[in-house]
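Visitor: Sharing protein_6.cif below, mmCIF, C-alpha atoms and all ligand atoms:
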```
data_run
loop_
_atom_site.group_PDB
_atom_site.id
_atom_site.type_symbol
_atom_site.label_atom_id
_atom_site.label_comp_id
_atom_site.auth_asym_id
_atom_site.auth_seq_id
_atom_site.Cartn_x
_atom_site.Cartn_y
_atom_site.Cartn_z
ATOM 1 C CA MET A 1 12.912 -6.920 14.567
ATOM 2 C CA ASP A 2 14.642 -3.873 13.181
ATOM 3 C CA ASP A 3 12.147 -2.176 10.820
ATOM 4 C CA GLN A 4 14.946 -0.835 8.671
ATOM 5 C CA LYS A 5 16.266 -4.317 7.916
ATOM 6 C CA ALA A 6 13.317 -6.206 6.518
ATOM 7 C CA PRO A 7 14.836 -7.207 3.238
ATOM 8 C CA SER A 8 13.030 -8.874 0.423
ATOM 9 C CA MET A 9 14.159 -9.426 -3.103
ATOM 10 C CA PHE A 10 12.127 -10.200 -6.164
ATOM 11 C CA GLN A 11 12.916 -12.685 -8.847
ATOM 12 C CA ARG A 12 10.347 -13.707 -11.408
ATOM 13 C CA GLY A 13 7.558 -12.358 -9.217
ATOM 14 C CA PHE A 14 8.380 -14.333 -6.091
ATOM 15 C CA THR A 15 9.349 -13.033 -2.685
ATOM 16 C CA PHE A 16 12.771 -14.098 -1.518
ATOM 17 C CA VAL A 17 13.420 -13.437 2.128
ATOM 18 C CA LEU A 18 17.060 -12.906 2.852
ATOM 19 C CA LYS A 19 16.999 -12.868 6.629
ATOM 20 C CA GLY A 20 15.743 -15.596 8.941
ATOM 21 C CA ASP A 21 13.895 -13.581 11.542
ATOM 22 C CA VAL A 22 11.902 -11.263 9.305
ATOM 23 C CA ASN A 23 8.114 -11.419 9.529
ATOM 24 C CA VAL A 24 6.774 -12.557 6.219
ATOM 25 C CA VAL A 25 3.892 -14.605 4.887
ATOM 26 C CA SER A 26 3.081 -15.287 1.281
ATOM 27 C CA VAL A 27 0.136 -16.980 -0.458
ATOM 28 C CA LYS A 28 -0.937 -17.555 -4.044
ATOM 29 C CA ILE A 29 -4.234 -16.101 -5.255
ATOM 30 C CA GLY A 30 -4.486 -18.035 -8.492
ATOM 31 C CA LYS A 31 -1.300 -17.079 -10.357
ATOM 32 C CA PRO A 32 -0.459 -13.865 -8.485
ATOM 33 C CA ARG A 33 1.171 -13.813 -5.089
ATOM 34 C CA LEU A 34 0.037 -11.834 -2.063
ATOM 35 C CA SER A 35 2.638 -11.269 0.643
ATOM 36 C CA LEU A 36 2.755 -9.525 3.991
ATOM 37 C CA ILE A 37 6.052 -8.302 5.329
ATOM 38 C CA GLN A 38 7.109 -6.155 8.209
ATOM 39 C CA GLY A 39 9.331 -3.391 6.936
ATOM 40 C CA ASP A 40 9.815 0.030 5.415
ATOM 41 C CA LEU A 41 7.747 0.713 2.306
ATOM 42 C CA THR A 42 10.286 3.202 0.934
ATOM 43 C CA LYS A 43 12.875 0.421 0.604
ATOM 44 C CA GLN A 44 10.723 -1.949 -1.417
ATOM 45 C CA PRO A 45 12.027 -3.003 -4.826
ATOM 46 C CA THR A 46 8.572 -3.577 -6.341
ATOM 47 C CA GLN A 47 7.873 -1.634 -9.548
ATOM 48 C CA ALA A 48 5.461 0.607 -7.650
ATOM 49 C CA ILE A 49 4.841 1.564 -4.048
ATOM 50 C CA VAL A 50 1.564 3.134 -2.957
ATOM 51 C CA ASN A 51 1.515 6.334 -0.942
ATOM 52 C CA ALA A 52 -1.117 6.993 1.748
ATOM 53 C CA ALA A 53 -1.415 10.649 0.762
ATOM 54 C CA ASN A 54 -3.958 13.388 1.386
ATOM 55 C CA SER A 55 -6.057 15.230 -1.211
ATOM 56 C CA SER A 56 -3.557 18.077 -1.564
ATOM 57 C CA LEU A 57 -0.794 15.677 -2.713
ATOM 58 C CA MET A 58 1.640 18.117 -1.118
ATOM 59 C CA GLY A 59 3.225 15.598 1.241
ATOM 60 C CA GLY A 60 2.742 15.253 4.964
ATOM 61 C CA GLY A 61 3.814 13.013 7.833
ATOM 62 C CA GLY A 62 3.808 9.221 8.194
ATOM 63 C CA VAL A 63 4.511 7.116 5.164
ATOM 64 C CA ASP A 64 3.779 10.101 2.858
ATOM 65 C CA GLY A 65 6.596 12.130 4.427
ATOM 66 C CA ALA A 66 8.944 9.144 4.319
ATOM 67 C CA ILE A 67 8.291 8.595 0.591
ATOM 68 C CA HIS A 68 8.904 12.252 -0.314
ATOM 69 C CA ARG A 69 12.066 12.367 1.806
ATOM 70 C CA ALA A 70 13.480 9.175 0.313
ATOM 71 C CA GLY A 71 12.325 9.839 -3.271
ATOM 72 C CA GLY A 72 13.373 13.493 -3.541
ATOM 73 C CA SER A 73 11.739 16.646 -4.845
ATOM 74 C CA SER A 74 10.825 15.355 -8.307
ATOM 75 C CA ILE A 75 7.865 13.447 -6.820
ATOM 76 C CA LEU A 76 6.436 16.618 -5.252
ATOM 77 C CA LYS A 77 6.917 18.509 -8.501
ATOM 78 C CA GLU A 78 4.922 15.879 -10.417
ATOM 79 C CA CYS A 79 2.224 15.949 -7.723
ATOM 80 C CA GLN A 80 1.981 19.732 -8.050
ATOM 81 C CA GLU A 81 1.528 19.404 -11.807
ATOM 82 C CA ILE A 82 -1.246 16.830 -11.331
ATOM 83 C CA VAL A 83 -3.125 19.056 -8.862
ATOM 84 C CA ALA A 84 -2.672 22.137 -11.075
ATOM 85 C CA ARG A 85 -4.143 20.186 -13.996
ATOM 86 C CA ASP A 86 -6.872 18.048 -12.338
ATOM 87 C CA GLY A 87 -7.460 19.598 -8.903
ATOM 88 C CA ARG A 88 -7.279 17.900 -5.510
ATOM 89 C CA LEU A 89 -7.395 14.121 -5.473
ATOM 90 C CA PRO A 90 -10.717 12.821 -4.113
ATOM 91 C CA THR A 91 -10.736 10.182 -1.360
ATOM 92 C CA GLY A 92 -10.496 6.665 -2.796
ATOM 93 C CA GLN A 93 -8.928 7.779 -6.096
ATOM 94 C CA ALA A 94 -5.345 7.213 -7.264
ATOM 95 C CA VAL A 95 -2.745 8.916 -9.473
ATOM 96 C CA VAL A 96 0.777 7.923 -10.451
ATOM 97 C CA THR A 97 4.141 9.692 -10.506
ATOM 98 C CA THR A 98 7.628 8.415 -11.066
ATOM 99 C CA GLY A 99 9.604 7.211 -8.041
ATOM 100 C CA GLY A 100 12.469 9.721 -8.101
ATOM 101 C CA ARG A 101 15.400 8.268 -6.147
ATOM 102 C CA LEU A 102 13.382 5.318 -4.803
ATOM 103 C CA LEU A 103 14.040 1.738 -5.863
ATOM 104 C CA ALA A 104 10.432 1.639 -7.052
ATOM 105 C CA LYS A 105 10.045 3.117 -10.528
ATOM 106 C CA TYR A 106 6.600 4.528 -9.709
ATOM 107 C CA VAL A 107 4.673 5.921 -6.766
ATOM 108 C CA ILE A 108 0.918 5.509 -6.866
ATOM 109 C CA HIS A 109 -0.676 8.158 -4.632
ATOM 110 C CA THR A 110 -4.066 7.436 -3.117
ATOM 111 C CA VAL A 111 -6.145 9.145 -0.436
ATOM 112 C CA GLY A 112 -7.605 6.980 2.297
ATOM 113 C CA PRO A 113 -10.723 7.992 4.247
ATOM 114 C CA VAL A 114 -10.442 9.763 7.578
ATOM 115 C CA TRP A 115 -12.172 7.545 10.156
ATOM 116 C CA THR A 116 -15.276 9.230 11.548
ATOM 117 C CA GLY A 117 -16.941 6.164 13.073
ATOM 118 C CA GLY A 118 -17.768 4.255 9.882
ATOM 119 C CA ARG A 119 -20.895 6.176 8.921
ATOM 120 C CA ARG A 120 -19.394 8.026 5.957
ATOM 121 C CA ASP A 121 -18.731 5.112 3.644
ATOM 122 C CA GLU A 122 -15.237 4.595 5.045
ATOM 123 C CA PRO A 123 -15.038 0.836 4.191
ATOM 124 C CA LYS A 124 -16.045 1.411 0.555
ATOM 125 C CA LEU A 125 -13.673 4.367 0.190
ATOM 126 C CA LEU A 126 -10.809 2.384 1.705
ATOM 127 C CA ALA A 127 -11.476 -0.569 -0.636
ATOM 128 C CA ASP A 128 -11.575 1.948 -3.530
ATOM 129 C CA CYS A 129 -8.011 3.020 -2.644
ATOM 130 C CA TYR A 130 -6.706 -0.517 -3.125
ATOM 131 C CA ARG A 131 -8.828 -1.267 -6.221
ATOM 132 C CA ASN A 132 -8.090 2.025 -7.985
ATOM 133 C CA SER A 133 -4.373 1.783 -7.210
ATOM 134 C CA LEU A 134 -4.213 -1.707 -8.691
ATOM 135 C CA ARG A 135 -6.301 -0.664 -11.718
ATOM 136 C CA LEU A 136 -3.865 2.187 -12.360
ATOM 137 C CA ALA A 137 -0.936 -0.207 -12.010
ATOM 138 C CA GLN A 138 -2.539 -2.515 -14.567
ATOM 139 C CA GLU A 139 -3.019 0.381 -16.999
ATOM 140 C CA LYS A 140 0.662 1.334 -16.659
ATOM 141 C CA GLY A 141 1.870 -2.255 -17.079
ATOM 142 C CA ILE A 142 3.154 -2.327 -13.484
ATOM 143 C CA ARG A 143 3.249 -5.947 -12.286
ATOM 144 C CA THR A 144 4.482 -5.702 -8.684
ATOM 145 C CA VAL A 145 2.991 -3.312 -6.125
ATOM 146 C CA SER A 146 3.626 -2.650 -2.420
ATOM 147 C CA PHE A 147 1.016 -1.066 -0.149
ATOM 148 C CA PRO A 148 1.200 0.419 3.343
ATOM 149 C CA SER A 149 -1.697 0.096 5.763
ATOM 150 C CA ILE A 150 -3.706 3.000 4.329
ATOM 151 C CA SER A 151 -5.650 5.254 6.761
ATOM 152 C CA THR A 152 -4.576 3.501 9.981
ATOM 153 C CA GLY A 153 -2.121 6.188 11.099
ATOM 154 C CA ALA A 154 -3.015 9.893 11.066
ATOM 155 C CA PHE A 155 -6.438 9.086 9.557
ATOM 156 C CA ARG A 156 -7.272 6.870 12.599
ATOM 157 C CA TYR A 157 -9.064 4.006 10.833
ATOM 158 C CA PRO A 158 -9.125 1.114 13.371
ATOM 159 C CA VAL A 159 -6.493 -1.298 12.112
ATOM 160 C CA GLU A 160 -8.494 -4.519 12.694
ATOM 161 C CA GLN A 161 -11.291 -3.201 10.493
ATOM 162 C CA ALA A 162 -8.970 -1.631 7.917
ATOM 163 C CA ALA A 163 -6.955 -4.852 7.527
ATOM 164 C CA LYS A 164 -10.086 -6.871 6.709
ATOM 165 C CA VAL A 165 -11.165 -4.340 4.073
ATOM 166 C CA ALA A 166 -7.649 -4.070 2.613
ATOM 167 C CA VAL A 167 -6.953 -7.796 2.360
ATOM 168 C CA LYS A 168 -10.397 -8.562 0.908
ATOM 169 C CA ALA A 169 -10.142 -5.770 -1.685
ATOM 170 C CA VAL A 170 -6.733 -7.001 -2.875
ATOM 171 C CA VAL A 171 -7.642 -10.701 -2.867
ATOM 172 C CA ASP A 172 -10.846 -10.013 -4.846
ATOM 173 C CA PHE A 173 -8.927 -7.879 -7.327
ATOM 174 C CA LEU A 174 -6.196 -10.481 -7.860
ATOM 175 C CA ARG A 175 -8.753 -13.231 -8.280
ATOM 176 C CA ASP A 176 -10.748 -11.318 -10.901
ATOM 177 C CA SER A 177 -8.087 -9.563 -12.986
ATOM 178 C CA GLU A 178 -4.878 -10.182 -14.845
ATOM 179 C CA GLY A 179 -1.624 -8.276 -15.170
ATOM 180 C CA ILE A 180 -0.435 -8.078 -11.558
ATOM 181 C CA ASP A 181 2.109 -10.705 -10.434
ATOM 182 C CA GLU A 182 2.612 -9.709 -6.814
ATOM 183 C CA VAL A 183 1.094 -7.447 -4.195
ATOM 184 C CA ILE A 184 2.873 -6.871 -0.909
ATOM 185 C CA PHE A 185 1.511 -5.249 2.211
ATOM 186 C CA VAL A 186 4.480 -3.630 3.939
ATOM 187 C CA LEU A 187 3.536 -3.189 7.585
ATOM 188 C CA PHE A 188 5.713 -0.913 9.652
ATOM 189 C CA ASP A 189 5.341 -2.429 13.109
ATOM 190 C CA THR A 190 4.802 -5.908 14.527
ATOM 191 C CA SER A 191 1.293 -5.277 15.857
ATOM 192 C CA THR A 192 0.021 -4.022 12.470
ATOM 193 C CA TYR A 193 1.733 -6.956 10.775
ATOM 194 C CA ARG A 194 -0.030 -9.425 13.120
ATOM 195 C CA VAL A 195 -3.426 -7.852 12.463
ATOM 196 C CA TYR A 196 -2.952 -8.194 8.691
ATOM 197 C CA GLU A 197 -1.778 -11.779 9.156
ATOM 198 C CA ASP A 198 -5.027 -12.566 11.008
ATOM 199 C CA ALA A 199 -7.065 -10.861 8.282
ATOM 200 C CA LEU A 200 -5.333 -12.929 5.596
ATOM 201 C CA LYS A 201 -5.902 -16.149 7.571
ATOM 202 C CA ALA A 202 -9.601 -15.282 7.897
ATOM 203 C CA VAL A 203 -9.918 -14.769 4.126
ATOM 204 C CA LYS A 204 -8.155 -18.087 3.442
ATOM 205 C CA ASP A 205 -10.344 -19.952 5.954
ATOM 206 C CA ASN A 206 -13.506 -18.453 4.429
ATOM 207 C CA ARG A 207 -12.451 -19.565 0.960
ATOM 208 C CA ARG A 208 -11.890 -23.134 2.166
ATOM 209 C CA ARG A 209 -15.411 -23.409 3.583
HETATM 210 N N1 LIG A 301 6.741 2.092 5.673
HETATM 211 C C1 LIG A 301 5.584 1.406 5.879
HETATM 212 N N2 LIG A 301 4.585 1.875 6.658
HETATM 213 C C2 LIG A 301 4.774 3.084 7.240
HETATM 214 C C3 LIG A 301 5.938 3.862 7.075
HETATM 215 C C4 LIG A 301 6.945 3.318 6.230
HETATM 216 N N3 LIG A 301 8.089 3.962 5.983
HETATM 217 N N4 LIG A 301 5.807 5.011 7.793
HETATM 218 C C5 LIG A 301 4.598 4.942 8.415
HETATM 219 N N5 LIG A 301 3.978 3.774 8.097
HETATM 220 P P1 LIG A 301 -0.051 7.237 7.852
HETATM 221 P P2 LIG A 301 -2.821 7.596 6.923
HETATM 222 C C6 LIG A 301 2.665 3.254 8.508
HETATM 223 O O1 LIG A 301 -0.297 8.184 8.966
HETATM 224 O O2 LIG A 301 -3.391 7.103 8.194
HETATM 225 C C7 LIG A 301 0.045 11.900 6.185
HETATM 226 O O3 LIG A 301 0.369 13.086 6.838
HETATM 227 C C8 LIG A 301 2.061 3.792 9.784
HETATM 228 O O4 LIG A 301 2.674 3.181 10.907
HETATM 229 O O5 LIG A 301 1.206 7.376 7.092
HETATM 230 O O6 LIG A 301 -3.437 7.118 5.625
HETATM 231 C C9 LIG A 301 -0.608 12.149 4.822
HETATM 232 O O7 LIG A 301 -0.108 13.311 4.207
HETATM 233 C C10 LIG A 301 0.617 3.330 9.601
HETATM 234 O O8 LIG A 301 0.494 1.946 9.952
HETATM 235 O O9 LIG A 301 -1.245 7.321 6.744
HETATM 236 C C11 LIG A 301 -2.053 12.279 5.152
HETATM 237 O O10 LIG A 301 -2.401 13.598 5.548
HETATM 238 C C12 LIG A 301 0.407 3.455 8.093
HETATM 239 O O11 LIG A 301 1.708 3.588 7.521
HETATM 240 C C13 LIG A 301 -2.246 11.335 6.315
HETATM 241 O O12 LIG A 301 -0.965 11.220 6.947
HETATM 242 C C14 LIG A 301 -0.450 4.637 7.648
HETATM 243 O O13 LIG A 301 -0.171 5.776 8.456
HETATM 244 C C15 LIG A 301 -2.648 9.958 5.865
HETATM 245 O O14 LIG A 301 -2.925 9.174 6.986
#
```
Can I see the file as structure tokens?
Guide:
Amino acid sequence: MDDQKAPSMFQRGFTFVLKGDVNVVSVKIGKPRLSLIQGDLTKQPTQAIVNAANSSLMGGGGVDGAIHRAGGSSILKECQEIVARDGRLPTGQAVVTTGGRLLAKYVIHTVGPVWTGGRRDEPKLLADCYRNSLRLAQEKGIRTVSFPSISTGAFRYPVEQAAKVAVKAVVDFLRDSEGIDEVIFVLFDTSTYRVYEDALKAVKDNRRR
């Protein structure tokens, strides 16, 4: 599938897939919806997209670079103001800027853990990224949020392990809190998409037992 053409459209909080061959799966967690799609995060029309940033908030490669390129310089300027005021963003924490030229009105910036073998609290810090991003969305009245697969690129978190942490953190959050209508994991490539699909199936199967 062409990564650039993974369209989705949102009406009343539901995912509408406009193209037959796109990878997409969608489940309800109580009222809210959790979806996985294969596509480009920067093209998502959710109210917020989440950036897998680093503590400097000064941009970088991967999805961070793509967001700053697509959103324009106003995002970097807001990030600079945040760092000047509050200092570097600790791992697991989240801050919000506007979305510049993006379809998303907001960008939530979070810092995933660098994988060092799992002995430095990486699973908790990764779960914190998802929880704190969603908490911030709630505070801002943001109801639809798209996430990338945080930490599994440059930060080298093994994707099978990261997907389990990510899906569980989001499912637990949606089950326990109100205010978010839809969360979407936007996975860039087919293999990452498949791993998240397996992680979601495992969570669903566990809940049935
Ligand atoms: N849409 C969706 N996912 C994407 C996109 C996109 N446009 N581009 C890349 N990915 P990474 P990290 C996927 O490296 O591991 C940066 O330099 C990518 O395929 O972006 O948290 C920051 O400044 C992978 O599956 O984030 C930090 O220094 C996933 O996004 C550092 O990298 C995460 O890969 C953060 O590393």
Visitor: Rank A:Ser146, A:Gln38, A:Thr116, A:Thr152 by their smallest atom-to-atom distance to ligand LIG 301 (chain A), using all atoms listed in the file, and report the top residue only.
Guide: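 Going through A:Ser146, A:Gln38, A:Thr116, A:Thr152 one by one, the smallest distance to ligand LIG 301 (chain A) is for A:Thr152.
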Visitor: For range 161-169 of chain A, please output as a VMD selection string all residues within 12 Å (counting only C-alpha atoms; exclusion window: fewer than 4 positions along the same chain).
Guide: chain A and resid 27 29 34 to 36 112 to 115 117 to 118 122 to 135 147 to 153 155 to 157 173 to 176 183 to 185 187 191 to 204 206 to 207
Visitor: With only C-alpha atoms as the counted atoms, please give the residues lying no more than 12 Å from Glu78 in chain A, apart from itself and same-chain residues fewer than 6 positions off, as a PyMOL selection string.
Guide: chain A and resi 57-59+68+71-72+84-85+95-100+106-109
Visitor: When the PyMOL selection byres (((chain A and resi 102) around 8) and not hetatm) is applied to the file above, which residues end up in the set, as a list in words?
Guide: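 For this structure, the PyMOL selection byres (((chain A and resi 102) around 8) and not hetatm) captures Thr42, Lys43, Ala70, Gly71, Gly99, Gly100, Arg101, Leu103, Ala104 and Lys105 of chain A.
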Visitor: What box, with edges along x, y and z, holds each listed atom of ligand LIG 301 (chain A) when 3 Å is added on every side, and can you state its centre and edge lengths in Å to one decimal, as AutoDock Vina command-line options?
Guide:
```
--center_x 2.3 --center_y 7.5 --center_z 7.6 --size_x 17.5 --size_y 18.2 --size_z 12.7
```
Visitor: Determine the residue membership of the PyMOL selection byres (((chain A and resi 142) around 9) and not hetatm) for the file above and supply it as a list of chain:residue names.
Guide: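 This file gives the following for the PyMOL selection byres (((chain A and resi 142) around 9) and not hetatm): A:Gln47, A:Ala48, A:Tyr106, A:Leu134, A:Leu136, A:Ala137, A:Gln138, A:Glu139, A:Lys140, A:Gly141, A:Arg143, A:Thr144, A:Val145, A:Gly179, A:Ile180, A:Asp181.
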Visitor: Quick check, in Å to one decimal: how far apart do CA of Asp189 in chain A and atom C3 of ligand LIG 301 (chain A) lie?
Guide: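 That distance, rounded to one decimal, is 8.7 Å.
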Visitor: What separation in Å, quoted to one decimal, exists between atom O10 of ligand LIG 301 (chain A) and CA of Gly65 in chain A?
Guide: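 CA of Gly65 in chain A lies at a distance of 9.2 Å from atom O10 of ligand LIG 301 (chain A).
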Visitor: Could you tell me which of A:Thr46, A:Asn23, A:Ala53, A:Asp172 comes closest to Arg88 in chain A if we count only C-alpha atoms?
Guide: A:Ala53
Visitor: Have a look at A:Ser177, A:Gln93, A:Ser74, A:Thr190 and name the one nearest to Asn51 in chain A; count all atoms listed in the file.
Guide: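 Smallest separation from Asn51 in chain A among the options: A:Gln93.
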